[in-house]
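Undergrad: Supplied structure: entry.csv, CSV, C-alpha atoms and all ligand atoms.
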```csv
chain,number,residue,atom,x,y,z
A,1330,MET,CA,-23.9,-18.0,9.0
A,1331,ASN,CA,-21.0,-16.4,10.9
A,1332,VAL,CA,-20.8,-19.5,13.1
A,1333,ILE,CA,-20.3,-21.6,9.9
A,1334,TYR,CA,-17.6,-19.1,8.7
A,1335,ARG,CA,-15.8,-19.4,12.0
A,1336,ARG,CA,-15.9,-23.2,11.9
A,1337,LEU,CA,-14.5,-23.1,8.3
A,1338,LEU,CA,-11.6,-21.1,9.5
A,1339,GLY,CA,-11.2,-22.9,12.8
A,1340,VAL,CA,-11.3,-19.7,14.8
A,1341,GLU,CA,-13.1,-18.9,18.0
A,1342,ALA,CA,-16.5,-17.2,18.5
A,1343,LYS,CA,-14.8,-14.1,19.8
A,1344,THR,CA,-13.0,-13.5,16.5
A,1345,ALA,CA,-14.2,-10.2,15.0
A,1346,SER,CA,-16.8,-10.8,12.3
A,1347,VAL,CA,-15.2,-8.2,10.0
A,1348,ALA,CA,-11.9,-10.1,10.2
A,1349,VAL,CA,-13.6,-13.4,9.4
A,1350,TRP,CA,-15.4,-12.0,6.4
A,1351,HIS,CA,-12.2,-10.5,5.0
A,1352,GLU,CA,-10.2,-13.7,5.4
A,1353,LEU,CA,-12.9,-15.7,3.6
A,1354,GLY,CA,-13.4,-13.1,1.0
A,1355,VAL,CA,-17.2,-12.6,1.7
A,1356,ALA,CA,-19.3,-9.6,2.3
A,1357,SER,CA,-21.2,-8.9,5.6
A,1358,VAL,CA,-24.9,-10.0,5.7
A,1359,ALA,CA,-25.9,-6.3,5.9
A,1360,THR,CA,-24.0,-5.5,2.7
A,1361,ARG,CA,-25.4,-8.5,0.9
A,1362,ILE,CA,-29.0,-7.5,1.9
A,1363,ASP,CA,-28.4,-3.9,0.7
A,1364,ALA,CA,-27.0,-5.2,-2.6
A,1365,ALA,CA,-30.0,-7.4,-3.1
A,1366,ALA,CA,-32.3,-4.5,-2.2
A,1367,LEU,CA,-30.6,-2.2,-4.8
A,1368,LYS,CA,-31.1,-4.9,-7.5
A,1369,PHE,CA,-34.7,-5.3,-6.5
A,1370,ARG,CA,-35.3,-1.5,-6.7
A,1371,ASN,CA,-33.6,-1.4,-10.1
A,1372,ASN,CA,-35.8,-4.2,-11.4
A,1373,ILE,CA,-39.0,-2.3,-10.3
A,1374,LEU,CA,-37.8,1.0,-11.9
A,1375,SER,CA,-37.0,-0.8,-15.1
A,1376,LEU,CA,-40.7,-1.7,-15.5
A,1377,ASP,CA,-43.1,0.5,-17.5
A,1378,PRO,CA,-45.7,2.0,-15.1
A,1379,ARG,CA,-48.4,1.6,-17.8
A,1380,ASP,CA,-48.0,-2.2,-17.8
A,1381,PHE,CA,-47.0,-3.1,-14.3
A,1382,LEU,CA,-48.9,-2.6,-11.1
A,1383,VAL,CA,-45.9,-3.1,-8.9
A,1384,ARG,CA,-44.2,-0.1,-10.5
A,1385,ARG,CA,-47.3,2.1,-10.0
A,1386,VAL,CA,-47.5,1.0,-6.3
A,1387,TYR,CA,-43.8,1.8,-5.9
A,1388,ASP,CA,-44.3,5.3,-7.4
A,1389,GLY,CA,-47.3,5.8,-5.1
A,1390,LEU,CA,-45.3,4.9,-2.0
A,1391,MET,CA,-42.5,7.2,-3.0
A,1392,ASN,CA,-44.9,10.2,-3.4
A,1393,GLU,CA,-46.7,9.3,-0.2
A,1394,SER,CA,-43.5,9.4,1.8
A,1395,LYS,CA,-42.5,12.7,0.2
A,1396,GLY,CA,-45.9,14.2,1.0
A,1397,ARG,CA,-45.9,13.2,4.7
A,1398,GLY,CA,-42.2,13.9,5.2
A,1399,SER,CA,-41.6,11.8,8.2
A,1400,SER,CA,-43.5,8.7,7.3
A,1401,ARG,CA,-41.3,5.8,6.4
A,1402,ASN,CA,-42.0,2.9,4.1
A,1403,GLY,CA,-40.1,0.4,2.0
A,1404,ALA,CA,-39.9,2.6,-1.0
A,1405,LEU,CA,-38.3,5.4,1.0
A,1406,PHE,CA,-35.8,3.0,2.5
A,1407,LEU,CA,-34.8,1.8,-1.0
A,1408,GLU,CA,-34.6,5.4,-2.3
A,1409,ASP,CA,-32.3,6.4,0.6
A,1410,LEU,CA,-30.1,3.4,-0.1
A,1411,ALA,CA,-29.9,4.2,-3.8
A,1412,LEU,CA,-28.9,7.8,-2.9
A,1413,GLU,CA,-26.2,6.5,-0.5
A,1414,ALA,CA,-24.9,4.2,-3.2
A,1415,ASN,CA,-25.1,6.9,-5.9
A,1416,TRP,CA,-27.3,4.7,-8.1
A,1417,PRO,CA,-27.4,6.4,-11.5
A,1418,GLY,CA,-31.0,5.5,-12.5
A,1419,PRO,CA,-32.6,2.4,-14.1
A,1420,LEU,CA,-29.8,0.2,-15.4
A,1421,LYS,CA,-29.8,-2.7,-17.7
A,1422,LYS,CA,-29.0,-6.1,-16.1
A,1423,PRO,CA,-25.3,-6.4,-16.9
A,1424,ALA,CA,-24.7,-2.7,-15.8
A,1425,ALA,CA,-26.8,-3.2,-12.7
A,1426,LYS,CA,-24.7,-6.3,-11.8
A,1427,LYS,CA,-21.5,-4.4,-12.3
A,1428,PHE,CA,-22.7,-1.5,-10.2
A,1429,VAL,CA,-23.8,-3.8,-7.4
A,1430,ASN,CA,-20.4,-5.5,-7.4
A,1431,GLU,CA,-18.7,-2.2,-7.1
A,1432,PHE,CA,-21.0,-1.2,-4.3
A,1433,VAL,CA,-20.2,-4.4,-2.4
A,1434,ALA,CA,-16.5,-3.9,-3.0
A,1435,SER,CA,-16.4,-0.4,-1.6
A,1436,ARG,CA,-18.6,-1.4,1.4
A,1437,ARG,CA,-16.3,-4.3,2.2
A,1438,VAL,CA,-13.2,-2.0,2.2
A,1439,SER,CA,-14.9,0.6,4.4
A,1440,GLU,CA,-16.2,-2.1,6.8
A,1441,LEU,CA,-12.7,-3.5,7.2
A,1442,THR,CA,-11.1,0.0,7.6
A,1443,ASP,CA,-13.7,0.8,10.3
A,1444,GLY,CA,-13.0,-2.5,12.0
A,1445,PHE,CA,-9.2,-1.7,12.1
A,1446,LYS,CA,-10.0,1.6,13.8
A,1447,ARG,CA,-12.7,0.3,16.2
A,1448,MET,CA,-11.2,-2.9,17.4
A,1449,THR,CA,-7.9,-3.2,19.1
A,1450,THR,CA,-7.7,-6.9,18.1
A,1451,LEU,CA,-7.6,-5.9,14.5
A,1452,ARG,CA,-4.8,-3.4,14.7
A,1453,ASN,CA,-2.1,-5.9,13.9
A,1454,MET,CA,-4.3,-7.4,11.2
A,1455,SER,CA,-4.0,-4.1,9.2
A,1456,ASP,CA,-0.3,-4.7,8.9
A,1457,TRP,CA,-0.6,-8.2,7.7
A,1458,VAL,CA,-3.5,-8.4,5.3
A,1459,GLU,CA,-4.1,-6.6,2.0
A,1460,LYS,CA,-7.1,-4.3,2.4
A,1461,GLU,CA,-8.1,-4.5,-1.3
A,1462,ARG,CA,-7.9,-8.2,-1.4
A,1463,PHE,CA,-11.1,-10.0,-2.5
A,1464,GLY,CA,-11.5,-13.8,-2.4
A,1465,LEU,CA,-9.4,-16.1,-0.3
A,1466,PRO,CA,-5.8,-15.4,0.7
A,1467,GLU,CA,-3.2,-17.5,-1.1
A,1468,TYR,CA,-2.5,-19.8,1.9
A,1469,LEU,CA,-6.2,-20.9,2.2
A,1470,LEU,CA,-6.3,-21.8,-1.5
A,1471,ARG,CA,-3.6,-24.5,-1.1
A,1472,THR,CA,-4.8,-28.0,0.0
A,1473,CYS,CA,-3.7,-28.6,3.5
A,1474,PRO,CA,-2.6,-32.1,4.6
A,1475,SER,CA,-4.4,-33.1,7.8
A,1476,SER,CA,-1.1,-33.2,9.7
A,1477,LEU,CA,-0.6,-29.4,9.1
A,1478,ARG,CA,-4.2,-28.4,9.8
A,1479,GLU,CA,-3.5,-27.3,13.3
A,1480,GLY,CA,-0.7,-25.1,12.0
A,1481,ARG,CA,-3.0,-23.5,9.5
A,1482,ARG,CA,-5.6,-22.8,12.1
A,1483,LEU,CA,-3.0,-21.1,14.3
A,1484,LYS,CA,-1.8,-19.0,11.3
A,1485,THR,CA,-5.4,-17.9,10.7
A,1486,LYS,CA,-5.9,-17.0,14.4
A,1487,PHE,CA,-2.6,-15.0,14.3
A,1488,ARG,CA,-3.7,-13.2,11.1
A,1489,LEU,CA,-7.1,-12.3,12.6
A,1490,GLY,CA,-5.6,-11.1,15.9
A,1491,CYS,CA,-7.6,-13.5,18.1
A,1492,HIS,CA,-5.4,-16.2,19.6
A,1493,ASP,CA,-4.2,-17.7,22.9
A,1494,LEU,CA,-1.2,-15.5,23.4
A,1495,ARG,CA,-1.6,-13.0,26.3
A,1496,SER,CA,-1.6,-9.9,24.2
A,1497,SER,CA,-4.9,-11.2,22.8
A,1498,SER,CA,-6.4,-13.0,25.9
A,1499,SER,CA,-5.6,-10.1,28.2
A,1500,ARG,CA,-7.8,-7.9,26.0
A,1501,MET,CA,-10.6,-10.3,26.6
A,1502,HIS,CA,-9.9,-10.2,30.3
A,1503,LEU,CA,-9.1,-14.0,30.4
A,1504,VAL,CA,-5.7,-13.2,32.0
A,1505,ARG,CA,-4.8,-10.3,34.2
A,1506,ASN,CA,-2.0,-8.8,32.0
A,1507,ALA,CA,-0.2,-9.4,28.7
A,1508,GLN,CA,3.2,-10.1,30.2
A,1509,CYS,CA,5.0,-13.1,28.7
A,1510,PRO,CA,4.9,-16.1,31.1
A,1511,CYS,CA,7.7,-18.0,29.4
A,1512,CYS,CA,10.6,-15.7,29.9
A,1513,LYS,CA,11.8,-13.0,32.4
A,1514,SER,CA,11.8,-10.1,29.9
A,1515,ARG,CA,8.5,-8.6,31.1
A,1516,GLU,CA,7.7,-8.0,27.5
A,1517,SER,CA,4.1,-8.3,26.4
A,1518,GLU,CA,3.4,-11.8,24.9
A,1519,THR,CA,2.7,-10.6,21.4
A,1520,ILE,CA,3.0,-12.7,18.2
A,1521,GLN,CA,6.3,-10.8,17.4
A,1522,HIS,CA,7.7,-11.5,20.8
A,1523,THR,CA,6.8,-15.2,20.9
A,1524,LEU,CA,7.8,-16.0,17.3
A,1525,PHE,CA,11.0,-13.9,17.0
A,1526,GLU,CA,12.2,-12.7,20.4
A,1527,CYS,CA,11.2,-14.7,23.4
A,1528,SER,CA,14.3,-16.4,24.8
A,1529,ALA,CA,12.3,-19.5,25.9
A,1530,PHE,CA,12.0,-20.5,22.2
A,1531,THR,CA,15.6,-19.9,21.0
A,1532,LYS,CA,16.1,-23.6,20.4
A,1533,GLU,CA,13.0,-24.1,18.4
A,1534,ARG,CA,13.8,-21.0,16.4
A,1535,SER,CA,17.2,-22.2,15.5
A,1536,THR,CA,15.7,-25.5,14.2
A,1537,PHE,CA,12.7,-24.1,12.3
A,1538,LEU,CA,13.7,-20.6,11.1
A,1539,PRO,CA,16.5,-21.7,8.7
A,1540,GLN,CA,14.0,-24.2,7.1
A,1541,GLY,CA,11.5,-21.6,6.5
A,1542,LEU,CA,13.9,-19.2,4.7
B,1601,ZN,ZN,8.9,-14.2,26.4
```
As structure tokens, how would this structure be written, given the file I've shared?
TA:
Amino acid sequence: MNVIYRRLLGVEAKTASVAVWHELGVASVATRIDAAALKFRNNILSLDPRDFLVRRVYDGLMNESKGRGSSRNGALFLEDLALEANWPGPLKKPAAKKFVNEFVASRRVSELTDGFKRMTTLRNMSDWVEKERFGLPEYLLRTCPSSLREGRRLKTKFRLGCHDLRSSSSRMHLVRNAQCPCCKSRESETIQHTLFECSAFTKERSTFLPQGL
């Protein structure tokens, strides 16, 4: 699935998954599995044990795991998950749906925040994207004429911190250092340097920047 997501955005395989999920406004596979498991548990607990065998089996598994302490089973896994999510007890369908959505939302924010801390490629991303955003960013919602597609791809790569400039490729050890190869400044070839500072692109800047303002 992540391969498809990356194709949709036109980014490389090395782009951090957490960045890809955020840009497309989707949750990680692990989070979606946990959300489905929480709904499944809620469905079972909503059944009357006198009428439904599956509920009696579930209760049996829970007691068994408590009794043996260390033995693990599916019921115990679900109970741990519910505890972690602070699930308040059997909920009616609309309430369960609302709770699961909130669970997914908080997981998504914490996955993104952890990603910012863990991965150097995502440090810039934390300056550019809104952490609380759900769904697609505004620029991806607009239809893009094919002549501008390459530009959009580049913008996405910049936003996600995985691109061909040396500040990114040196982190992946594709080049020896991050120094800008286009000018003599010895500055690191960052997005900021290339777009706004590098003397090699003064002419392009004077043409395009006034148009963009
Ligand atoms: Zn330069």
Undergrad: If we count all atoms listed in the file and set the cut-off at 10 Å, which residues sit around A:Ser1499, ignoring sequence neighbours fewer than 6 positions away in its own chain? Please answer as a list of chain:residue names.
TA: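 Here the answer would be A:Asp1493, A:Arg1505, A:Asn1506, A:Ala1507, A:Gln1508, A:Glu1518.
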Undergrad: Quote the spacing between atom CA of A:Cys1527 and atom CA of A:Cys1512 in Å to one decimal place.
TA: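 These atoms are spaced 6.6 Å apart.
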Undergrad: Counting only C-alpha atoms and all ligand atoms, which protein, DNA or RNA residues come within 10 Å of ligand ZN 1601 (chain B), given as a count of residues only?
TA: 22
Undergrad: Which residue is closest to A:Leu1390? Choose from A:Leu1376, A:Glu1408, A:Gly1339, A:Ser1357 and count only C-alpha atoms.
TA: A:Glu1408
Undergrad: Mind pulling up the distance from atom CA of A:Phe1432 to atom CA of A:Ala1364?
TA: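 Between these atoms lies a distance of 7.4 Å.
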Undergrad: Enter the distance from atom CA of A:Glu1533 to atom CA of A:Cys1473, in Å, rounded to one decimal.
TA: 22.8 Å
Undergrad: Which is closest to A:Ile1373 among A:Ala1359, A:Leu1353, A:Leu1451, A:Asp1388, if we use all atoms listed in the file?
TA: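 Going through A:Ala1359, A:Leu1353, A:Leu1451, A:Asp1388 one by one, the smallest distance to A:Ile1373 is for A:Asp1388.
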Undergrad: Out of A:Glu1341, A:Glu1461, A:Asp1443, A:Asp1363, which residue has the shortest atom-to-atom distance to A:Asp1409 when counting all atoms listed in the file?
TA: A:Asp1363
Undergrad: Identify which of the residues A:Arg1361, A:Arg1379, A:Lys1368, A:His1351 lies closest to A:Lys1427, counting all atoms listed in the file when measuring atom-to-atom distances.
TA: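 Looking only at the distances to A:Lys1427, the closest residue turns out to be A:Lys1368.
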Undergrad: Please list, as a count of residues only, the residues that have an atom at most 12 Å away from (-17.3, -12.3, 22.3) in the coordinates of this file, counting all atoms listed in the file.
TA: 13
